[in-house]
>>> print(open('my_file39.csv').read())   # CSV, N, CA and C atoms and all ligand atoms
chain,number,residue,atom,x,y,z
U,1,MET,N,51.4,-11.8,-22.7
U,1,MET,CA,50.1,-12.3,-22.5
U,1,MET,C,49.3,-11.6,-21.4
U,2,SER,N,48.9,-10.5,-21.8
U,2,SER,CA,48.1,-9.7,-20.9
U,2,SER,C,46.7,-9.4,-21.5
U,3,GLY,N,45.8,-10.1,-21.0
U,3,GLY,CA,44.4,-9.9,-21.5
U,3,GLY,C,43.6,-9.2,-20.5
U,4,PRO,N,42.5,-8.5,-20.9
U,4,PRO,CA,41.6,-7.9,-20.0
U,4,PRO,C,40.8,-8.9,-19.1
U,5,GLU,N,40.9,-8.6,-17.9
U,5,GLU,CA,40.2,-9.5,-17.0
U,5,GLU,C,38.8,-9.1,-16.8
U,6,HIS,N,38.0,-10.1,-16.6
U,6,HIS,CA,36.6,-9.8,-16.4
U,6,HIS,C,36.4,-9.3,-14.9
U,7,GLY,N,36.3,-8.0,-14.8
U,7,GLY,CA,36.2,-7.4,-13.5
U,7,GLY,C,34.7,-7.1,-13.2
U,8,GLY,N,33.9,-7.2,-14.1
U,8,GLY,CA,32.5,-6.8,-13.9
U,8,GLY,C,31.5,-8.0,-14.1
U,9,GLU,N,31.5,-8.8,-13.0
U,9,GLU,CA,30.6,-9.9,-13.1
U,9,GLU,C,29.2,-9.5,-12.7
U,10,ALA,N,28.3,-9.9,-13.4
U,10,ALA,CA,26.9,-9.5,-13.1
U,10,ALA,C,26.4,-10.4,-11.9
U,11,THR,N,26.2,-9.6,-10.8
U,11,THR,CA,25.7,-10.3,-9.7
U,11,THR,C,24.3,-9.8,-9.4
U,12,GLN,N,23.4,-10.6,-9.8
U,12,GLN,CA,22.0,-10.1,-9.7
U,12,GLN,C,21.3,-10.8,-8.5
U,13,GLU,N,20.9,-10.0,-7.5
U,13,GLU,CA,20.3,-10.5,-6.4
U,13,GLU,C,18.8,-10.5,-6.6
U,14,ARG,N,18.2,-11.7,-6.4
U,14,ARG,CA,16.8,-11.8,-6.6
U,14,ARG,C,16.1,-11.4,-5.3
U,15,ARG,N,15.1,-10.5,-5.5
U,15,ARG,CA,14.3,-10.1,-4.4
U,15,ARG,C,13.1,-11.1,-4.2
U,16,HIS,N,12.8,-11.2,-2.9
U,16,HIS,CA,11.7,-12.1,-2.6
U,16,HIS,C,10.4,-11.4,-3.0
U,17,VAL,N,9.7,-12.0,-3.9
U,17,VAL,CA,8.4,-11.4,-4.4
U,17,VAL,C,7.3,-12.3,-3.8
U,18,GLY,N,6.3,-11.5,-3.4
U,18,GLY,CA,5.2,-12.3,-2.8
U,18,GLY,C,4.7,-11.7,-1.5
U,19,GLU,N,5.7,-11.0,-0.8
U,19,GLU,CA,5.3,-10.4,0.5
U,19,GLU,C,4.6,-9.1,0.2
U,20,PRO,N,3.5,-8.9,0.9
U,20,PRO,CA,2.7,-7.7,0.7
U,20,PRO,C,3.5,-6.5,1.2
U,21,VAL,N,3.6,-5.5,0.3
U,21,VAL,CA,4.3,-4.3,0.7
U,21,VAL,C,3.4,-3.1,1.0
U,22,GLY,N,3.4,-2.6,2.1
U,22,GLY,CA,2.5,-1.5,2.5
U,22,GLY,C,2.5,-1.2,3.9
U,23,GLY,N,2.3,0.1,4.2
U,23,GLY,CA,2.3,0.4,5.6
U,23,GLY,C,0.9,0.6,6.2
U,24,GLU,N,-0.1,0.3,5.4
U,24,GLU,CA,-1.4,0.4,5.8
U,24,GLU,C,-1.8,-0.7,6.7
U,25,PRO,N,-2.7,-0.4,7.7
U,25,PRO,CA,-3.2,-1.5,8.6
U,25,PRO,C,-4.0,-2.5,7.8
U,26,VAL,N,-4.0,-3.7,8.3
U,26,VAL,CA,-4.8,-4.7,7.7
U,26,VAL,C,-6.2,-4.4,7.7
U,27,CYS,N,-6.7,-4.0,8.9
U,27,CYS,CA,-8.1,-3.7,9.1
U,27,CYS,C,-8.4,-2.3,8.7
U,28,LEU,N,-9.4,-2.2,7.7
U,28,LEU,CA,-9.8,-0.9,7.3
U,28,LEU,C,-11.2,-0.6,7.7
U,29,MET,N,-11.6,-1.3,8.7
U,29,MET,CA,-13.0,-1.1,9.2
U,29,MET,C,-13.3,0.3,9.6
U,30,HIS,N,-12.3,1.0,10.0
U,30,HIS,CA,-12.5,2.4,10.5
U,30,HIS,C,-12.7,3.3,9.3
U,31,ARG,N,-12.4,2.8,8.1
U,31,ARG,CA,-12.6,3.6,6.9
U,31,ARG,C,-14.0,3.4,6.2
U,32,VAL,N,-14.6,2.4,6.7
U,32,VAL,CA,-15.9,2.0,6.0
U,32,VAL,C,-17.0,3.0,6.4
U,33,CYS,N,-17.7,3.5,5.4
U,33,CYS,CA,-18.7,4.5,5.6
U,33,CYS,C,-19.9,3.8,6.3
U,34,PRO,N,-20.4,4.4,7.4
U,34,PRO,CA,-21.5,3.8,8.1
U,34,PRO,C,-22.8,3.9,7.4
U,35,GLU,N,-22.8,4.8,6.4
U,35,GLU,CA,-24.1,5.0,5.7
U,35,GLU,C,-24.2,4.0,4.5
U,36,CYS,N,-23.2,4.0,3.6
U,36,CYS,CA,-23.3,3.2,2.4
U,36,CYS,C,-22.4,2.0,2.4
U,37,GLY,N,-21.4,2.0,3.3
U,37,GLY,CA,-20.6,0.8,3.4
U,37,GLY,C,-19.4,0.9,2.5
U,38,ARG,N,-19.2,2.0,1.9
U,38,ARG,CA,-18.0,2.1,1.0
U,38,ARG,C,-16.8,2.5,1.8
U,39,LEU,N,-15.7,2.3,1.1
U,39,LEU,CA,-14.4,2.5,1.8
U,39,LEU,C,-13.9,3.9,1.4
U,40,ALA,N,-13.5,4.7,2.4
U,40,ALA,CA,-13.0,6.0,2.2
U,40,ALA,C,-11.6,6.0,1.7
U,41,ASP,N,-11.2,7.0,1.0
U,41,ASP,CA,-9.9,7.1,0.4
U,41,ASP,C,-8.8,7.4,1.4
U,42,GLU,N,-9.2,7.9,2.5
U,42,GLU,CA,-8.2,8.3,3.5
U,42,GLU,C,-8.7,7.9,4.9
U,43,ASP,N,-7.8,8.1,5.8
U,43,ASP,CA,-8.2,7.7,7.2
U,43,ASP,C,-9.1,8.8,7.8
U,44,PRO,N,-10.0,8.4,8.6
U,44,PRO,CA,-10.9,9.3,9.3
U,44,PRO,C,-10.1,10.2,10.3
U,45,PRO,N,-10.7,11.3,10.6
U,45,PRO,CA,-12.0,11.8,10.2
U,45,PRO,C,-12.0,12.4,8.8
U,46,THR,N,-13.0,11.9,8.0
U,46,THR,CA,-13.1,12.3,6.7
U,46,THR,C,-14.5,12.2,6.2
U,47,ARG,N,-14.8,12.4,5.0
U,47,ARG,CA,-16.1,12.3,4.4
U,47,ARG,C,-16.1,11.2,3.4
U,48,CYS,N,-17.2,10.5,3.3
U,48,CYS,CA,-17.4,9.4,2.3
U,48,CYS,C,-17.4,10.1,0.9
U,49,PRO,N,-16.6,9.6,0.0
U,49,PRO,CA,-16.5,10.1,-1.3
U,49,PRO,C,-17.8,9.8,-2.1
U,50,HIS,N,-18.6,8.9,-1.6
U,50,HIS,CA,-19.8,8.5,-2.3
U,50,HIS,C,-21.0,9.3,-1.8
U,51,CYS,N,-21.3,9.2,-0.5
U,51,CYS,CA,-22.5,9.8,0.0
U,51,CYS,C,-22.2,11.0,0.9
U,52,GLU,N,-20.9,11.3,1.0
U,52,GLU,CA,-20.4,12.4,1.8
U,52,GLU,C,-20.8,12.4,3.3
U,53,ALA,N,-21.1,11.2,3.7
U,53,ALA,CA,-21.3,11.0,5.1
U,53,ALA,C,-20.0,11.2,5.9
U,54,VAL,N,-20.1,11.7,7.1
U,54,VAL,CA,-19.0,11.9,7.9
U,54,VAL,C,-18.5,10.6,8.5
U,55,ILE,N,-17.3,10.3,8.3
U,55,ILE,CA,-16.7,9.1,8.8
U,55,ILE,C,-15.7,9.5,10.0
U,56,ASP,N,-16.1,9.1,11.2
U,56,ASP,CA,-15.3,9.5,12.3
U,56,ASP,C,-14.5,8.4,12.8
U,57,GLU,N,-13.5,8.7,13.5
U,57,GLU,CA,-12.6,7.6,14.0
U,57,GLU,C,-13.3,6.8,15.1
U,58,GLY,N,-14.4,7.3,15.6
U,58,GLY,CA,-15.1,6.6,16.6
U,58,GLY,C,-14.8,7.2,18.0
I,1,ZN,ZN,-21.0,6.6,2.2
>>> encode(input="my_file39.csv", output="structure tokens", more="lines below")
Ligand SMILES: [Zn+2]
Amino acid sequence: MSGPEHGGEATQERRHVGEPVGGEPVCLMHRVCPECGRLADEDPPTRCPHCEAVIDEG
């Protein structure tokens, strides 16, 4: 009486879903264009993708 043992039990760990994942700062005010108010695609110093105004870090 030698049968194959179940050696591979499926252990699925459920991840906590709901927490925001990201390393970006919460406040993106420094990315807002002073001219048109749009949000730049990257951190300053950069240019506004819409009106090409210079967005400085301040
Ligand atoms: Zn702009």
>>> closest_atom_pairs(input="my_file39.csv", of="chain U", to="ligand ZN 1 (chain I)", cutoff="10 Å", atoms="only C-alpha atoms and all ligand atoms", output="JSON lines")
{"residue": "U:Val32", "atom": "CA", "partner": "I:ZN1", "partner_atom": "ZN", "distance": 7.8}
{"residue": "U:Cys33", "atom": "CA", "partner": "I:ZN1", "partner_atom": "ZN", "distance": 4.6}
{"residue": "U:Pro34", "atom": "CA", "partner": "I:ZN1", "partner_atom": "ZN", "distance": 6.5}
{"residue": "U:Glu35", "atom": "CA", "partner": "I:ZN1", "partner_atom": "ZN", "distance": 4.9}
{"residue": "U:Cys36", "atom": "CA", "partner": "I:ZN1", "partner_atom": "ZN", "distance": 4.1}
{"residue": "U:Gly37", "atom": "CA", "partner": "I:ZN1", "partner_atom": "ZN", "distance": 5.9}
{"residue": "U:Arg38", "atom": "CA", "partner": "I:ZN1", "partner_atom": "ZN", "distance": 5.5}
{"residue": "U:Leu39", "atom": "CA", "partner": "I:ZN1", "partner_atom": "ZN", "distance": 7.8}
{"residue": "U:Ala40", "atom": "CA", "partner": "I:ZN1", "partner_atom": "ZN", "distance": 8.0}
{"residue": "U:Arg47", "atom": "CA", "partner": "I:ZN1", "partner_atom": "ZN", "distance": 7.8}
{"residue": "U:Cys48", "atom": "CA", "partner": "I:ZN1", "partner_atom": "ZN", "distance": 4.6}
{"residue": "U:Pro49", "atom": "CA", "partner": "I:ZN1", "partner_atom": "ZN", "distance": 6.7}
{"residue": "U:His50", "atom": "CA", "partner": "I:ZN1", "partner_atom": "ZN", "distance": 5.0}
{"residue": "U:Cys51", "atom": "CA", "partner": "I:ZN1", "partner_atom": "ZN", "distance": 4.2}
{"residue": "U:Glu52", "atom": "CA", "partner": "I:ZN1", "partner_atom": "ZN", "distance": 5.8}
{"residue": "U:Ala53", "atom": "CA", "partner": "I:ZN1", "partner_atom": "ZN", "distance": 5.3}
{"residue": "U:Val54", "atom": "CA", "partner": "I:ZN1", "partner_atom": "ZN", "distance": 8.0}
{"residue": "U:Ile55", "atom": "CA", "partner": "I:ZN1", "partner_atom": "ZN", "distance": 8.3}
>>> atom_distance(input="my_file39.csv", atom1="atom N of U:Glu42", atom2="atom C of U:His30")
8.9 Å
>>> atom_distance(input="my_file39.csv", atom1="atom C of U:Arg31", atom2="atom N of U:Asp56")
7.9 Å
>>> atom_distance(input="my_file39.csv", atom1="atom C of U:Pro45", atom2="atom N of U:Leu28")
14.9 Å
